[in-house]
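Trainee: What follows is query.txt, compact mmCIF, C-alpha atoms and all ligand atoms.
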# COMPACT_ATOMS: atom_id res chain seq x y z
CA MET I 1 2.29 22.05 5.07
CA SER I 2 3.54 24.06 7.98
CA THR I 3 4.99 23.15 11.30
CA SER I 4 3.03 23.32 14.52
CA THR I 5 4.44 22.69 17.94
CA ALA I 6 1.28 23.33 19.95
CA GLU I 7 -0.29 20.59 22.04
CA PRO I 8 -3.36 18.89 20.55
CA LEU I 9 -6.56 20.69 21.42
CA ILE I 10 -8.86 17.79 20.93
CA VAL I 11 -7.84 14.34 19.93
CA VAL I 12 -10.32 12.42 17.88
CA ASP I 13 -9.95 9.25 16.00
CA LEU I 14 -10.76 9.36 12.35
CA GLU I 15 -13.75 7.11 12.52
CA THR I 16 -15.54 9.91 14.27
CA PHE I 17 -15.90 11.42 10.84
CA GLY I 18 -16.88 8.19 9.21
CA CYS I 19 -14.71 9.32 6.34
CA VAL I 20 -11.95 7.20 5.06
CA LEU I 21 -10.74 9.00 2.00
CA ARG I 22 -8.63 11.17 4.15
CA SER I 23 -5.10 10.68 5.29
CA GLU I 24 -4.35 10.05 8.90
CA SER I 25 -1.53 10.30 11.32
CA ARG I 26 0.57 7.27 11.98
CA THR I 27 -1.20 6.85 15.25
CA GLY I 28 -4.60 7.29 13.71
CA LEU I 29 -5.04 10.23 16.06
CA CYS I 30 -5.36 13.77 14.86
CA ARG I 31 -5.73 17.18 16.24
CA ILE I 32 -8.60 18.99 14.67
CA GLU I 33 -8.83 22.71 14.37
CA ILE I 34 -11.36 24.74 12.51
CA TYR I 35 -10.06 27.90 10.90
CA LYS I 36 -11.88 31.00 9.77
CA ASP I 37 -10.53 30.68 6.29
CA GLU I 38 -7.72 29.01 4.45
CA ASP I 39 -5.33 31.92 4.98
CA ASP I 40 -5.40 31.26 8.69
CA VAL I 41 -4.30 27.68 8.43
CA PRO I 42 -0.53 28.02 8.79
CA ARG I 43 -0.89 30.28 11.80
CA LYS I 44 -2.14 27.96 14.49
CA ASN I 45 -5.01 30.19 15.54
CA PRO I 46 -8.13 28.18 15.43
CA SER I 47 -11.15 30.37 15.26
CA LYS I 48 -13.20 27.72 16.95
CA ILE I 49 -12.36 24.75 19.09
CA ILE I 50 -15.02 22.15 18.85
CA SER I 51 -15.78 18.95 20.68
CA VAL I 52 -15.81 15.53 19.11
CA GLU I 53 -19.62 15.48 19.19
CA GLN I 54 -19.75 18.82 17.46
CA VAL I 55 -17.38 17.55 14.83
CA SER I 56 -19.68 14.59 14.23
CA ASN I 57 -22.65 16.88 13.91
CA LEU I 58 -20.80 19.27 11.67
CA GLN I 59 -19.37 16.72 9.36
CA THR I 60 -22.06 16.74 6.73
CA ASN I 61 -22.09 20.53 6.61
CA LEU I 62 -18.40 21.08 6.25
CA GLU I 63 -16.96 22.19 3.00
CA ARG I 64 -13.77 20.76 1.59
CA LYS I 65 -10.64 22.20 3.20
CA ASP I 66 -12.60 23.21 6.30
CA ILE I 67 -10.73 20.76 8.43
CA THR I 68 -7.09 20.73 9.16
CA LEU I 69 -5.50 17.70 10.72
CA CYS I 70 -2.37 18.38 12.70
CA MET I 71 -0.30 15.28 12.68
CA PHE I 72 2.91 14.90 14.57
CA GLY I 73 3.75 18.54 14.32
CA GLU I 74 2.71 18.79 10.69
CA THR I 75 -0.39 20.62 9.63
CA VAL I 76 -2.02 19.07 6.62
CA THR I 77 -5.30 20.09 5.13
CA PHE I 78 -7.33 17.33 3.65
CA GLY I 79 -10.13 17.75 1.23
CA CYS I 80 -12.50 14.99 2.06
CA THR I 81 -14.30 15.80 5.23
CA SER I 82 -17.30 13.56 5.41
CA ARG I 83 -18.77 10.31 4.30
CA ALA I 84 -20.93 12.39 2.00
CA ASP I 85 -17.75 13.41 0.15
CA LEU I 86 -16.76 9.81 -0.31
CA ASP I 87 -20.23 8.99 -1.54
CA ASP I 88 -19.82 11.63 -4.23
CA TRP I 89 -17.20 9.32 -5.69
CA THR I 90 -18.48 5.89 -4.82
CA THR I 91 -20.90 4.11 -2.54
CA LEU I 92 -19.11 0.83 -3.01
CA ARG I 93 -17.62 -0.53 0.19
CA PRO I 94 -14.93 -3.04 -0.77
CA THR I 95 -13.94 -6.24 1.00
CA LEU I 96 -10.92 -6.92 -1.20
CA GLY I 97 -7.94 -4.58 -1.53
CA ILE I 98 -5.33 -4.85 -4.24
CA ILE I 99 -2.04 -3.00 -4.59
CA CYS I 100 -0.61 -2.98 -8.10
CA GLY I 101 3.15 -3.21 -8.40
CA SER I 102 5.35 -1.51 -11.01
CA GLY I 103 3.85 -1.95 -14.47
CA LEU I 104 1.03 -4.09 -13.06
CA GLY I 105 -1.63 -1.39 -12.92
CA GLY I 106 -3.59 -3.27 -15.59
CA ILE I 107 -5.09 -5.35 -12.78
CA ALA I 108 -7.27 -2.33 -12.02
CA ASP I 109 -8.53 -2.35 -15.61
CA GLU I 110 -10.17 -5.70 -14.86
CA LEU I 111 -12.61 -4.07 -12.44
CA GLU I 112 -16.20 -3.81 -13.66
CA SER I 113 -18.33 -0.71 -13.04
CA ALA I 114 -15.09 0.99 -12.11
CA GLN I 115 -15.02 4.36 -10.39
CA VAL I 116 -11.61 5.98 -10.70
CA ILE I 117 -10.36 8.56 -8.22
CA PRO I 118 -6.98 10.05 -9.11
CA TYR I 119 -4.85 10.49 -5.98
CA HIS I 120 -4.31 14.14 -6.87
CA GLU I 121 -8.06 14.75 -6.60
CA ILE I 122 -7.96 13.71 -2.95
CA ASP I 123 -6.45 16.65 -1.15
CA GLY I 124 -3.55 15.52 0.98
CA PHE I 125 -3.19 12.13 -0.66
CA PRO I 126 0.46 11.69 -1.67
CA GLU I 127 1.24 11.67 -5.37
CA CYS I 128 2.85 8.78 -7.21
CA THR I 129 6.12 9.92 -8.72
CA VAL I 130 7.27 6.65 -10.30
CA PRO I 131 6.75 5.76 -13.98
CA GLY I 132 4.50 2.71 -14.18
CA HIS I 133 2.38 3.84 -11.20
CA ALA I 134 -0.69 5.68 -12.48
CA GLY I 135 -1.83 7.05 -9.12
CA ASN I 136 -5.53 6.14 -8.96
CA LEU I 137 -7.84 4.56 -6.47
CA VAL I 138 -10.12 2.33 -8.49
CA PHE I 139 -13.34 0.99 -6.95
CA GLY I 140 -15.29 -1.75 -8.72
CA LEU I 141 -16.15 -5.41 -8.98
CA LEU I 142 -13.49 -8.00 -9.63
CA SER I 143 -15.06 -11.35 -10.48
CA GLY I 144 -18.08 -10.05 -8.57
CA VAL I 145 -16.07 -9.12 -5.46
CA ARG I 146 -16.28 -5.53 -4.19
CA THR I 147 -12.73 -4.31 -4.67
CA ILE I 148 -10.56 -1.26 -4.13
CA CYS I 149 -7.41 -1.17 -6.18
CA MET I 150 -4.42 1.07 -5.70
CA GLN I 151 -3.24 1.67 -9.24
CA GLY I 152 0.15 2.86 -8.20
CA ARG I 153 1.72 2.57 -4.79
CA LEU I 154 3.78 4.77 -2.53
CA HIS I 155 7.41 3.95 -1.78
CA LEU I 156 9.90 4.95 0.90
CA TYR I 157 12.38 6.05 -1.75
CA GLU I 158 9.96 8.73 -2.96
CA GLY I 159 10.62 10.42 0.34
CA HIS I 160 7.38 9.45 2.05
CA PRO I 161 7.69 8.41 5.69
CA ALA I 162 6.81 4.77 6.36
CA TRP I 163 3.50 5.63 8.05
CA LEU I 164 2.40 7.58 4.98
CA VAL I 165 3.42 4.82 2.57
CA THR I 166 1.06 2.54 4.47
CA MET I 167 -1.71 5.05 5.16
CA PRO I 168 -3.86 3.62 2.32
CA ILE I 169 -3.88 0.24 4.07
CA ARG I 170 -5.58 1.76 7.12
CA MET I 171 -7.90 3.62 4.79
CA MET I 172 -8.81 0.26 3.22
CA LYS I 173 -9.32 -1.26 6.67
CA LEU I 174 -11.73 1.52 7.60
CA LEU I 175 -13.56 0.92 4.33
CA GLY I 176 -14.12 -2.72 5.28
CA VAL I 177 -11.35 -4.54 3.40
CA LYS I 178 -10.65 -7.99 4.85
CA THR I 179 -8.30 -9.48 2.27
CA LEU I 180 -5.35 -7.77 0.66
CA ILE I 181 -3.55 -8.87 -2.49
CA VAL I 182 -0.18 -7.17 -2.81
CA THR I 183 1.74 -7.41 -6.06
CA ASN I 184 5.22 -6.17 -6.83
CA ALA I 185 8.11 -6.29 -9.23
CA ALA I 186 11.19 -7.89 -7.73
CA GLY I 187 14.72 -8.92 -8.59
CA GLY I 188 15.42 -12.65 -8.45
CA LEU I 189 18.11 -13.75 -5.99
CA ASN I 190 17.43 -17.49 -6.05
CA ASP I 191 19.43 -18.91 -8.94
CA THR I 192 16.69 -21.40 -9.82
CA PHE I 193 14.53 -18.38 -10.74
CA THR I 194 14.35 -16.75 -14.16
CA ARG I 195 13.12 -13.42 -15.41
CA GLY I 196 9.34 -13.56 -15.84
CA ASP I 197 8.72 -16.01 -12.97
CA ILE I 198 5.71 -15.44 -10.74
CA MET I 199 6.64 -15.90 -7.09
CA ILE I 200 4.00 -16.46 -4.44
CA VAL I 201 5.39 -14.77 -1.34
CA LYS I 202 5.57 -17.17 1.60
CA ASP I 203 7.30 -14.74 3.96
CA HIS I 204 9.27 -11.52 3.96
CA ILE I 205 12.39 -10.03 5.48
CA ASN I 206 11.65 -6.41 6.19
CA LEU I 207 15.25 -5.30 6.16
CA ALA I 208 14.37 -1.61 5.86
CA GLY I 209 11.93 -2.10 8.75
CA MET I 210 14.58 -3.86 10.83
CA ALA I 211 16.83 -0.89 10.17
CA GLY I 212 14.23 1.48 11.66
CA LEU I 213 11.89 2.24 8.77
CA ASN I 214 8.99 0.32 10.27
CA PRO I 215 5.58 1.97 9.74
CA LEU I 216 4.36 0.86 13.18
CA VAL I 217 7.07 2.83 15.00
CA GLY I 218 5.43 5.49 17.16
CA PRO I 219 2.48 5.42 19.53
CA ASN I 220 0.30 2.39 18.85
CA GLU I 221 -3.25 2.92 17.65
CA GLU I 222 -5.12 0.13 19.46
CA LYS I 223 -8.12 0.63 17.20
CA PHE I 224 -6.17 -1.02 14.40
CA GLY I 225 -4.19 -3.63 16.30
CA PRO I 226 -1.91 -4.50 19.21
CA ARG I 227 1.38 -2.88 20.17
CA PHE I 228 3.35 -6.01 19.35
CA PRO I 229 1.66 -7.66 16.39
CA ASN I 230 2.49 -11.18 15.36
CA MET I 231 4.02 -11.72 11.92
CA THR I 232 4.42 -15.51 11.98
CA THR I 233 1.58 -16.02 9.53
CA ALA I 234 1.82 -12.77 7.62
CA TYR I 235 1.17 -14.42 4.25
CA ASP I 236 -1.96 -16.49 4.66
CA ARG I 237 -1.43 -20.22 4.08
CA ASP I 238 -4.86 -20.84 2.56
CA LEU I 239 -4.48 -17.92 0.17
CA ARG I 240 -1.06 -19.19 -0.90
CA LYS I 241 -2.53 -22.60 -1.58
CA LEU I 242 -5.37 -21.02 -3.54
CA ALA I 243 -2.89 -18.94 -5.56
CA ARG I 244 -0.69 -21.97 -6.28
CA GLU I 245 -3.60 -24.13 -7.39
CA THR I 246 -5.09 -21.35 -9.49
CA ALA I 247 -1.76 -20.61 -11.20
CA ILE I 248 -1.29 -24.29 -12.03
CA GLU I 249 -4.84 -24.54 -13.37
CA LEU I 250 -4.19 -21.52 -15.57
CA GLY I 251 -1.11 -23.24 -16.98
CA PHE I 252 1.53 -21.01 -15.39
CA THR I 253 3.34 -24.01 -13.88
CA ASP I 254 6.63 -23.46 -15.74
CA HIS I 255 7.26 -20.09 -14.23
CA LEU I 256 5.58 -20.52 -10.87
CA LYS I 257 7.76 -20.15 -7.77
CA GLU I 258 7.28 -19.64 -4.05
CA GLY I 259 9.76 -17.78 -1.88
CA VAL I 260 10.84 -15.11 0.55
CA TYR I 261 10.68 -11.43 -0.43
CA LEU I 262 13.20 -9.03 1.03
CA HIS I 263 12.41 -5.34 1.32
CA LEU I 264 14.97 -2.60 0.89
CA SER I 265 14.16 1.08 0.79
CA GLY I 266 15.88 1.64 -2.59
CA PRO I 267 16.02 3.55 -4.87
CA ASN I 268 19.34 2.14 -6.09
CA TYR I 269 19.60 -1.46 -7.17
CA GLU I 270 21.92 -3.65 -5.13
CA THR I 271 25.66 -3.97 -5.42
CA PRO I 272 26.84 -7.54 -6.15
CA SER I 273 28.10 -7.84 -2.55
CA GLU I 274 24.75 -6.69 -1.20
CA SER I 275 22.99 -9.21 -3.43
CA ARG I 276 25.18 -12.03 -2.11
CA PHE I 277 24.45 -10.84 1.43
CA LEU I 278 20.69 -10.81 0.79
CA ARG I 279 20.86 -14.30 -0.63
CA MET I 280 22.71 -15.50 2.49
CA CYS I 281 19.94 -13.91 4.58
CA GLY I 282 17.52 -16.40 3.05
CA ALA I 283 15.80 -14.17 0.51
CA ASP I 284 14.65 -15.41 -2.89
CA ALA I 285 13.70 -12.02 -4.30
CA VAL I 286 14.39 -8.39 -3.48
CA GLY I 287 12.25 -5.29 -3.98
CA MET I 288 11.46 -1.83 -2.73
CA SER I 289 7.90 -2.24 -1.45
CA THR I 290 5.30 -4.60 0.02
CA ALA I 291 6.72 -5.40 3.47
CA PRO I 292 5.62 -2.07 5.06
CA GLU I 293 2.09 -2.51 3.66
CA VAL I 294 1.95 -6.12 4.84
CA VAL I 295 3.12 -5.18 8.34
CA VAL I 296 0.33 -2.61 8.68
CA ALA I 297 -2.26 -4.91 7.11
CA ARG I 298 -1.35 -7.77 9.47
CA HIS I 299 -1.41 -5.39 12.41
CA ALA I 300 -5.03 -4.75 11.38
CA GLU I 301 -5.68 -8.49 10.97
CA MET I 302 -6.18 -8.53 7.23
CA LYS I 303 -5.54 -11.74 5.31
CA ILE I 304 -2.73 -11.23 2.84
CA LEU I 305 -1.61 -12.73 -0.42
CA GLY I 306 1.68 -11.49 -1.88
CA ILE I 307 2.66 -12.05 -5.50
CA SER I 308 6.04 -10.98 -6.91
CA LEU I 309 6.86 -10.80 -10.57
CA ILE I 310 10.54 -11.52 -11.07
CA THR I 311 11.32 -8.75 -13.52
CA ASN I 312 15.09 -9.25 -13.58
CA MET I 313 17.77 -11.36 -12.01
CA VAL I 314 20.14 -9.56 -9.67
CA ILE I 315 23.85 -9.68 -10.34
CA THR I 316 25.87 -11.35 -7.61
CA GLU I 317 29.32 -11.44 -9.23
CA ASN I 318 31.63 -8.47 -9.24
CA ASP I 319 32.92 -7.36 -12.66
CA SER I 320 30.13 -9.31 -14.34
CA ASP I 321 29.51 -8.84 -18.07
CA LYS I 322 25.76 -9.31 -17.52
CA THR I 323 23.53 -6.34 -18.22
CA PRO I 324 22.68 -4.66 -14.90
CA PRO I 325 18.99 -4.25 -13.99
CA ASP I 326 17.21 -1.01 -14.75
CA HIS I 327 13.65 0.30 -14.57
CA LYS I 328 13.22 -0.25 -18.32
CA GLU I 329 13.86 -3.98 -17.94
CA VAL I 330 11.51 -4.08 -14.93
CA MET I 331 8.76 -2.43 -16.97
CA GLU I 332 9.35 -4.62 -20.03
CA THR I 333 9.02 -7.82 -18.01
CA ALA I 334 5.97 -6.46 -16.22
CA THR I 335 4.36 -5.73 -19.60
CA MET I 336 5.30 -9.20 -20.84
CA ARG I 337 3.60 -10.93 -17.90
CA ALA I 338 0.89 -8.35 -17.12
CA LYS I 339 -1.94 -10.32 -18.74
CA ASN I 340 -0.98 -13.52 -16.87
CA LEU I 341 -0.92 -11.69 -13.56
CA GLN I 342 -4.21 -9.95 -14.25
CA LEU I 343 -5.85 -13.27 -15.03
CA LEU I 344 -4.33 -14.89 -11.95
CA VAL I 345 -5.49 -12.14 -9.59
CA LYS I 346 -8.94 -12.00 -11.15
CA THR I 347 -9.42 -15.76 -10.92
CA ILE I 348 -8.21 -15.82 -7.32
CA ALA I 349 -10.62 -12.99 -6.46
CA GLY I 350 -13.51 -15.01 -7.84
CA ARG I 351 -12.61 -17.89 -5.55
CA LEU I 352 -12.21 -15.89 -2.38
CA GLN I 353 -15.78 -16.49 -1.28
CA ASP I 354 -14.87 -20.15 -0.84
CA GLN I 355 -12.16 -19.22 1.67
N1 LIG D 401 16.22 -4.89 -6.84
C1 LIG D 401 15.37 -4.18 -6.07
N2 LIG D 401 14.13 -3.91 -6.44
C2 LIG D 401 13.68 -4.37 -7.61
C3 LIG D 401 14.51 -5.11 -8.45
C4 LIG D 401 15.85 -5.38 -8.05
O1 LIG D 401 16.63 -6.04 -8.74
N3 LIG D 401 13.77 -5.42 -9.55
C5 LIG D 401 12.54 -4.87 -9.37
N4 LIG D 401 12.49 -4.23 -8.19
Give the structure from the file, written as structure tokens.
Ligand code: HPA
Mentor:
Amino acid sequence: MSTSTAEPLIVVDLETFGCVLRSESRTGLCRIEIYKDEDDVPRKNPSKIISVEQVSNLQTNLERKDITLCMFGETVTFGCTSRADLDDWTTLRPTLGIICGSGLGGIADELESAQVIPYHEIDGFPECTVPGHAGNLVFGLLSGVRTICMQGRLHLYEGHPAWLVTMPIRMMKLLGVKTLIVTNAAGGLNDTFTRGDIMIVKDHINLAGMAGLNPLVGPNEEKFGPRFPNMTTAYDRDLRKLARETAIELGFTDHLKEGVYLHLSGPNYETPSESRFLRMCGADAVGMSTAPEVVVARHAEMKILGISLITNMVITENDSDKTPPDHKEVMETATMRAKNLQLLVKTIAGRLQDQ
């Protein structure tokens, strides 16, 4: 990456390329420059300035790394330049998107005829740095539904800006995804909860977003949604009902909960005073993901189901003798409940057609 301060030469929206396996600016708008060769890229001297139509015509002829997208002053070269590139990996166009939370990547293993694309094979796609997040896009059929699964998600605490954390949601939207199932590991704040509970998310408090880390900050890209999107029905009522009924049918009644998820940027776990504060805010569980993705997905009018696995209970008393949460406990609980969650998500997927 290098810094560019020049004004955009041409502004095109990404759909012009018809390629979705490519990152995008937070506005969805990019400057496109064609360089003579890769060595030229950091020096902002495009050898050729081309029109949008020319880009469209060129797209199937371009080699990987031929196109550089200049986004908000950053120059990033992406590898996938045309729909033909995407088709090299998969021709499946999913309608269901799934994001696997910490230790819950096994959901992707349920996909039939799976095509796995490691993030690191997509030039410019951010890497997953967290244990328990494999870092693959998995395309396949889940209970017969065309699905794309993020086996490993991106978090603010990894240092990614909010727009980049949520970039895969817009990628999914461009691929044709209509319904998004977001899973996560979370700490239980509600004292009727216990470790291992499955919480259907009925709403969220995007505390990190309220503090400025909102992925929609910046120029609005009307193509995806309005400037001031509505969040009153962020977590779809029908999907929640479907999830509840399915969980009960599968016999998960004892550890089935419904509640409000609160998003913090992390990476540290909460102090007892913070935990008491979050509880007073009306949150039932706290975690370091999900809300940014949901905000961007709702902006783009996707239907969303959120499922939290309560991997630990947070500590609300100072000087407590209880063992404080750590990533090991989170992963152990995720492993303990992984099969249940996989079955739940798979069964829900199979019933989506009835929605
Ligand atoms: N706090 C924040 N995030 C989490 C927790 C927690 O206790 N458990 C899993 N993710």
Trainee: Could you give me, as JSON lines, every chain I residue with an atom at most 6 Å from ligand LIG 401 (chain D), plus its closest atom pair and distance in Å to one decimal, counting all atoms listed in the file, rows ordered by chain then number?
Mentor:
{"residue": "I:Ala185", "atom": "CA", "partner": "D:LIG401", "partner_atom": "C5", "distance": 4.7}
{"residue": "I:Ala186", "atom": "CA", "partner": "D:LIG401", "partner_atom": "C5", "distance": 3.7}
{"residue": "I:Gly187", "atom": "CA", "partner": "D:LIG401", "partner_atom": "O1", "distance": 3.5}
{"residue": "I:Tyr269", "atom": "CA", "partner": "D:LIG401", "partner_atom": "N1", "distance": 4.8}
{"residue": "I:Val286", "atom": "CA", "partner": "D:LIG401", "partner_atom": "C1", "distance": 5.0}
{"residue": "I:Gly287", "atom": "CA", "partner": "D:LIG401", "partner_atom": "N2", "distance": 3.4}
{"residue": "I:Met288", "atom": "CA", "partner": "D:LIG401", "partner_atom": "N2", "distance": 5.0}
{"residue": "I:Thr311", "atom": "CA", "partner": "D:LIG401", "partner_atom": "N3", "distance": 5.7}
{"residue": "I:Asn312", "atom": "CA", "partner": "D:LIG401", "partner_atom": "N3", "distance": 5.7}
{"residue": "I:Val314", "atom": "CA", "partner": "D:LIG401", "partner_atom": "O1", "distance": 5.1}
{"residue": "I:Val330", "atom": "CA", "partner": "D:LIG401", "partner_atom": "C5", "distance": 5.7}
Trainee: Just want the 6 Å neighbourhood of stretch 131-148 of chain I, counted on all atoms listed in the file, with same-chain residues fewer than 2 positions away dropped. Output as a list in words.
Mentor: Pro94, Thr95, Leu96, Gly97, Ser102, Gly103, Leu111, Glu112, Ser113, Ala114, Gln115, Val116, Ile117, Pro118, Tyr119, Cys128, Met150, Gln151, Gly152 and Gly350 of chain I
Trainee: One number please: atom CA of I:Leu180 to atom CA of I:Ile304, in Å, one decimal.
Mentor: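 Atom-to-atom, atom CA of I:Leu180 and atom CA of I:Ile304 are spaced 4.9 Å apart.
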Trainee: Tell me, in Å to one decimal, how far atom CA of I:Asp238 is from atom CA of I:Thr347.
Mentor: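 Calculated distance between atom CA of I:Asp238 and atom CA of I:Thr347 is 15.1 Å.
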Trainee: Counting only C-alpha atoms, which residue out of I:Asp254, I:Asp191, I:Asp321, I:Asp326 sits closest to I:Ala285?
Mentor: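 So, comparing all the options, the nearest one is I:Asp191.
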Trainee: Just the number, please: distance in Å from atom CA of I:Pro292 to atom CA of I:Arg276, one decimal.
Mentor: 23.1 Å
Trainee: Excluding stretch 240-253 of chain I and residues on its chain fewer than 6 positions from it, collect all residues at most 10 Å away from it, counting only C-alpha atoms, and give them as a ChimeraX atom specification.
Mentor: /I:197-202,304-307,340-341,343-345,347-349,351-352,354-355
Trainee: Selection from above, C-alpha atoms, as a PDB file, in the frame of the given file, can you write it?
Mentor:
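Saved as selection_37.pdb:
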ATOM      1  CA  ASP I 197       8.720 -16.010 -12.970  1.00  0.00           C
ATOM      2  CA  ILE I 198       5.710 -15.440 -10.740  1.00  0.00           C
ATOM      3  CA  MET I 199       6.640 -15.900  -7.090  1.00  0.00           C
ATOM      4  CA  ILE I 200       4.000 -16.460  -4.440  1.00  0.00           C
ATOM      5  CA  VAL I 201       5.390 -14.770  -1.340  1.00  0.00           C
ATOM      6  CA  LYS I 202       5.570 -17.170   1.600  1.00  0.00           C
ATOM      7  CA  ILE I 304      -2.730 -11.230   2.840  1.00  0.00           C
ATOM      8  CA  LEU I 305      -1.610 -12.730  -0.420  1.00  0.00           C
ATOM      9  CA  GLY I 306       1.680 -11.490  -1.880  1.00  0.00           C
ATOM     10  CA  ILE I 307       2.660 -12.050  -5.500  1.00  0.00           C
ATOM     11  CA  ASN I 340      -0.980 -13.520 -16.870  1.00  0.00           C
ATOM     12  CA  LEU I 341      -0.920 -11.690 -13.560  1.00  0.00           C
ATOM     13  CA  LEU I 343      -5.850 -13.270 -15.030  1.00  0.00           C
ATOM     14  CA  LEU I 344      -4.330 -14.890 -11.950  1.00  0.00           C
ATOM     15  CA  VAL I 345      -5.490 -12.140  -9.590  1.00  0.00           C
ATOM     16  CA  THR I 347      -9.420 -15.760 -10.920  1.00  0.00           C
ATOM     17  CA  ILE I 348      -8.210 -15.820  -7.320  1.00  0.00           C
ATOM     18  CA  ALA I 349     -10.620 -12.990  -6.460  1.00  0.00           C
ATOM     19  CA  ARG I 351     -12.610 -17.890  -5.550  1.00  0.00           C
ATOM     20  CA  LEU I 352     -12.210 -15.890  -2.380  1.00  0.00           C
ATOM     21  CA  ASP I 354     -14.870 -20.150  -0.840  1.00  0.00           C
ATOM     22  CA  GLN I 355     -12.160 -19.220   1.670  1.00  0.00           C
TER      23      GLN I 355
END
Trainee: Considering all atoms listed in the file, state which residue in the set I:Ala338, I:Ile169, I:Met331, I:Ile315 is at the smallest distance from I:Gly106.
Mentor: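 For I:Gly106, the nearest of the given residues is I:Ala338.
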Trainee: Looking at I:Glu293, I:Gly259, I:Pro272, I:Cys100, which one is nearest to I:Lys322, with distances taken over all atoms listed in the file?
Mentor: I:Pro272
Trainee: Excluding I:Asn214 and any residue of its chain fewer than 4 positions from it, enumerate the residues within 12 Å of it, using all atoms listed in the file, and give them as a PyMOL selection string.
Mentor: chain I and resi 26+156+161-166+205-210+218+263-265+290-296
Trainee: Each side padded by 4 Å, which centre and which edge lengths in Å (one decimal) define the axis-aligned box around the listed atoms of stretch 155-159 of chain I? Give them as AutoDock Vina command-line options.
Mentor:
--center_x 9.9 --center_y 7.2 --center_z -1.0 --size_x 13.0 --size_y 14.5 --size_z 11.9
Trainee: Would you mind completing stretch 88-100 of chain I so that it carries N, CA and C atoms, and writing it out as an mmCIF file, in the frame of the given file?
Mentor:
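File rebuild.cif, as written:
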data_model
loop_
_atom_site.group_PDB
_atom_site.id
_atom_site.type_symbol
_atom_site.label_atom_id
_atom_site.label_comp_id
_atom_site.auth_asym_id
_atom_site.auth_seq_id
_atom_site.Cartn_x
_atom_site.Cartn_y
_atom_site.Cartn_z
ATOM 1 N N ASP I 88 -19.824 10.936 -2.943
ATOM 2 C CA ASP I 88 -19.820 11.630 -4.230
ATOM 3 C C ASP I 88 -19.053 10.813 -5.269
ATOM 4 N N TRP I 89 -18.034 10.097 -4.774
ATOM 5 C CA TRP I 89 -17.200 9.320 -5.690
ATOM 6 C C TRP I 89 -17.735 7.902 -5.876
ATOM 7 N N THR I 90 -18.034 7.282 -4.742
ATOM 8 C CA THR I 90 -18.480 5.890 -4.820
ATOM 9 C C THR I 90 -19.239 5.511 -3.556
ATOM 10 N N THR I 91 -20.224 4.650 -3.726
ATOM 11 C CA THR I 91 -20.900 4.110 -2.540
ATOM 12 C C THR I 91 -20.466 2.678 -2.301
ATOM 13 N N LEU I 92 -19.565 2.214 -3.146
ATOM 14 C CA LEU I 92 -19.110 0.830 -3.010
ATOM 15 C C LEU I 92 -18.199 0.693 -1.791
ATOM 16 N N ARG I 93 -18.469 -0.284 -0.973
ATOM 17 C CA ARG I 93 -17.620 -0.530 0.190
ATOM 18 C C ARG I 93 -16.926 -1.880 -0.019
ATOM 19 N N PRO I 94 -15.630 -1.826 -0.360
ATOM 20 C CA PRO I 94 -14.930 -3.040 -0.770
ATOM 21 C C PRO I 94 -14.566 -3.982 0.371
ATOM 22 N N THR I 95 -14.447 -5.259 0.037
ATOM 23 C CA THR I 95 -13.940 -6.240 1.000
ATOM 24 C C THR I 95 -12.556 -6.727 0.585
ATOM 25 N N LEU I 96 -12.229 -6.506 -0.687
ATOM 26 C CA LEU I 96 -10.920 -6.920 -1.200
ATOM 27 C C LEU I 96 -10.107 -5.684 -1.584
ATOM 28 N N GLY I 97 -8.858 -5.652 -1.141
ATOM 29 C CA GLY I 97 -7.940 -4.580 -1.530
ATOM 30 C C GLY I 97 -6.823 -5.162 -2.382
ATOM 31 N N ILE I 98 -6.428 -4.401 -3.381
ATOM 32 C CA ILE I 98 -5.330 -4.850 -4.240
ATOM 33 C C ILE I 98 -4.343 -3.697 -4.407
ATOM 34 N N ILE I 99 -3.067 -4.004 -4.281
ATOM 35 C CA ILE I 99 -2.040 -3.000 -4.590
ATOM 36 C C ILE I 99 -1.286 -3.474 -5.821
ATOM 37 N N CYS I 100 -1.270 -2.621 -6.831
ATOM 38 C CA CYS I 100 -0.610 -2.980 -8.100
ATOM 39 C C CYS I 100 0.849 -2.557 -8.051
#
